[in-house]
Amino acid sequence: MTSYEKIFENNRQWIAQKTGSNRDFFAQLAKEQNPDYLYIGCSDSRVTAEELMGLGPGEVFVHRNVANLVNNVDLNVMAVLNYAIRHLKVKHIIVCGHYNCGGVKAAMNPQDLGILNPWLRNIRDVYRFHKAELNAITDVHKRYDRLVELNVYEQCTNIIKTAALQLSYAAEGYPEVHGWVFDIRTGQIIDLEIDFKQILKDIKDIYNITAN
């Protein structure tokens, strides 16, 4: 276990490493950020956005919560989306779930989880939408993996429903939305290859904001 004091020593070493190869690293970092990517992922301590993407400071705007949810009444994630789209002008929005997700697993269990109940209800709703498919999977671990994937798909759709996304895409042609799963067992990023343009087209009858 890393001690609390060790964290500060690690920070000093990190500073030395960064300034050793580029003495202006932090002066440059202190300038305005201009990332092309917004990453919405899980709060799980084993899944770090920049590290698994191979990106550094300033290259990705990050939001994390339990089970990588995009709930339209969650002002936190909605503020992040609006800021990333309207001010940072990100070109890509990524929702990244991961196998062995504790939040998704908890949502699969029929038990009272107190304050977590309303949050996990969003995942239980995803299960309800896809109940026939999921219940047909006899291997509980594979069913769990599939719910992780379906949850990512649903959160991507929730982003596409937003006014900020629709108006920006209509005017600028970006950002596009991508769904990923991080396989924590192998380290691999799996692109679920969601059809962003088709989803945008499909939801327009109900969720169209652009009036086009």
# chains A, B, ... in the order shown; residues from 1 in each chain; ligands from 1

call {"tool": "select_by_dssp", "arguments": {"residues": "segment 43-204 of chain A", "states": "strand (DSSP E)", "output": "number ranges by chain"}}
result
A: 60-65, 92-98, 176-183, 188-191

call {"tool": "write_last_selection", "arguments": {"atoms": "N, CA and C atoms", "output": "mmCIF file, in the first residue's frame"}}
result
data_model
loop_
_atom_site.group_PDB
_atom_site.id
_atom_site.type_symbol
_atom_site.label_atom_id
_atom_site.label_comp_id
_atom_site.auth_asym_id
_atom_site.auth_seq_id
_atom_site.Cartn_x
_atom_site.Cartn_y
_atom_site.Cartn_z
ATOM 1 N N VAL A 60 -7.027 15.201 -22.978
ATOM 2 C CA VAL A 60 -8.361 14.606 -22.838
ATOM 3 C C VAL A 60 -9.058 15.224 -21.627
ATOM 4 N N PHE A 61 -10.303 15.645 -21.832
ATOM 5 C CA PHE A 61 -11.154 16.174 -20.776
ATOM 6 C C PHE A 61 -11.898 14.991 -20.186
ATOM 7 N N VAL A 62 -11.898 14.853 -18.873
ATOM 8 C CA VAL A 62 -12.348 13.602 -18.248
ATOM 9 C C VAL A 62 -13.481 13.843 -17.249
ATOM 10 N N HIS A 63 -14.492 13.007 -17.340
ATOM 11 C CA HIS A 63 -15.534 12.935 -16.321
ATOM 12 C C HIS A 63 -15.705 11.479 -15.936
ATOM 13 N N ARG A 64 -15.769 11.209 -14.635
ATOM 14 C CA ARG A 64 -15.941 9.836 -14.178
ATOM 15 C C ARG A 64 -17.012 9.773 -13.098
ATOM 16 N N ASN A 65 -17.811 8.717 -13.149
ATOM 17 C CA ASN A 65 -18.778 8.465 -12.088
ATOM 18 C C ASN A 65 -19.013 6.958 -12.001
ATOM 19 N N HIS A 92 -14.457 14.529 -30.316
ATOM 20 C CA HIS A 92 -14.904 13.166 -30.037
ATOM 21 C C HIS A 92 -15.344 13.069 -28.574
ATOM 22 N N ILE A 93 -16.456 12.394 -28.351
ATOM 23 C CA ILE A 93 -16.913 12.080 -26.998
ATOM 24 C C ILE A 93 -16.922 10.563 -26.859
ATOM 25 N N ILE A 94 -16.240 10.068 -25.842
ATOM 26 C CA ILE A 94 -16.104 8.629 -25.618
ATOM 27 C C ILE A 94 -16.781 8.252 -24.300
ATOM 28 N N VAL A 95 -17.679 7.288 -24.364
ATOM 29 C CA VAL A 95 -18.186 6.659 -23.145
ATOM 30 C C VAL A 95 -17.468 5.323 -23.031
ATOM 31 N N CYS A 96 -16.749 5.143 -21.929
ATOM 32 C CA CYS A 96 -15.961 3.925 -21.752
ATOM 33 C C CYS A 96 -16.399 3.179 -20.499
ATOM 34 N N GLY A 97 -17.033 2.044 -20.697
ATOM 35 C CA GLY A 97 -17.329 1.144 -19.593
ATOM 36 C C GLY A 97 -16.202 0.154 -19.428
ATOM 37 N N HIS A 98 -16.331 -0.737 -18.488
ATOM 38 C CA HIS A 98 -15.295 -1.764 -18.318
ATOM 39 C C HIS A 98 -15.914 -3.032 -17.755
ATOM 40 N N GLU A 176 -18.407 13.652 -32.624
ATOM 41 C CA GLU A 176 -19.012 12.339 -32.786
ATOM 42 C C GLU A 176 -18.891 11.581 -31.470
ATOM 43 N N VAL A 177 -19.783 10.642 -31.275
ATOM 44 C CA VAL A 177 -19.846 9.888 -30.020
ATOM 45 C C VAL A 177 -19.396 8.450 -30.273
ATOM 46 N N HIS A 178 -18.578 7.937 -29.362
ATOM 47 C CA HIS A 178 -18.032 6.581 -29.481
ATOM 48 C C HIS A 178 -18.292 5.805 -28.191
ATOM 49 N N GLY A 179 -18.522 4.519 -28.329
ATOM 50 C CA GLY A 179 -18.705 3.649 -27.172
ATOM 51 C C GLY A 179 -17.587 2.631 -27.079
ATOM 52 N N TRP A 180 -16.930 2.591 -25.931
ATOM 53 C CA TRP A 180 -15.823 1.666 -25.698
ATOM 54 C C TRP A 180 -16.104 0.815 -24.474
ATOM 55 N N VAL A 181 -15.444 -0.327 -24.429
ATOM 56 C CA VAL A 181 -15.333 -1.108 -23.199
ATOM 57 C C VAL A 181 -13.851 -1.407 -22.975
ATOM 58 N N PHE A 182 -13.399 -1.158 -21.775
ATOM 59 C CA PHE A 182 -12.032 -1.523 -21.384
ATOM 60 C C PHE A 182 -12.090 -2.907 -20.765
ATOM 61 N N ASP A 183 -11.373 -3.849 -21.385
ATOM 62 C CA ASP A 183 -11.311 -5.206 -20.828
ATOM 63 C C ASP A 183 -10.224 -5.227 -19.767
ATOM 64 N N GLN A 188 -7.110 -4.385 -22.975
ATOM 65 C CA GLN A 188 -7.503 -3.959 -24.315
ATOM 66 C C GLN A 188 -8.704 -3.015 -24.282
ATOM 67 N N ILE A 189 -8.651 -1.971 -25.137
ATOM 68 C CA ILE A 189 -9.818 -1.135 -25.389
ATOM 69 C C ILE A 189 -10.594 -1.762 -26.542
ATOM 70 N N ILE A 190 -11.889 -1.987 -26.337
ATOM 71 C CA ILE A 190 -12.744 -2.561 -27.375
ATOM 72 C C ILE A 190 -13.690 -1.470 -27.867
ATOM 73 N N ASP A 191 -13.598 -1.140 -29.147
ATOM 74 C CA ASP A 191 -14.508 -0.178 -29.758
ATOM 75 C C ASP A 191 -15.795 -0.907 -30.113
#

call {"tool": "closest_atom_pairs", "arguments": {"of": "segment 102-212 of chain A", "to": "segment 73-84 of chain A", "cutoff": "10 Å", "atoms": "only C-alpha atoms", "output": "tab-separated table"}}
result
residue	atom	partner	partner_atom	distance
A:Trp119	CA	A:Asp74	CA	9.8
A:Ile159	CA	A:Leu81	CA	8.1
A:Thr162	CA	A:Met78	CA	8.9
A:Ala163	CA	A:Asn82	CA	9.0
A:Ala164	CA	A:Asn82	CA	6.0
A:Leu165	CA	A:Asn82	CA	8.2
A:Pro175	CA	A:Ala84	CA	9.7

call {"tool": "write_last_selection", "arguments": {"atoms": "N, CA and C atoms", "output": "compact mmCIF listing (two decimals), in the first residue's frame"}}
result
# COMPACT_ATOMS: atom_id res chain seq x y z
N TRP A 119 -29.42 5.84 -8.38
CA TRP A 119 -28.34 5.88 -9.37
C TRP A 119 -28.31 4.59 -10.18
N ILE A 159 -26.24 10.90 -24.64
CA ILE A 159 -25.47 12.06 -25.08
C ILE A 159 -26.03 12.60 -26.39
N THR A 162 -28.93 15.08 -26.37
CA THR A 162 -28.79 16.42 -25.79
C THR A 162 -28.78 17.51 -26.84
N ALA A 163 -29.26 18.68 -26.44
CA ALA A 163 -29.26 19.83 -27.34
C ALA A 163 -27.85 20.24 -27.72
N ALA A 164 -26.94 20.24 -26.76
CA ALA A 164 -25.57 20.68 -27.03
C ALA A 164 -24.94 19.84 -28.13
N LEU A 165 -25.11 18.52 -28.07
CA LEU A 165 -24.53 17.64 -29.09
C LEU A 165 -25.20 17.88 -30.44
N PRO A 175 -19.16 17.20 -32.20
CA PRO A 175 -18.37 15.98 -32.00
C PRO A 175 -19.15 14.73 -32.40

call {"tool": "closest_residue", "arguments": {"among": "A:Ser45, A:Thr2, A:Gln166, A:Asn135", "to": "Lys201 of chain A", "atoms": "only C-alpha atoms"}}
result
A:Gln166
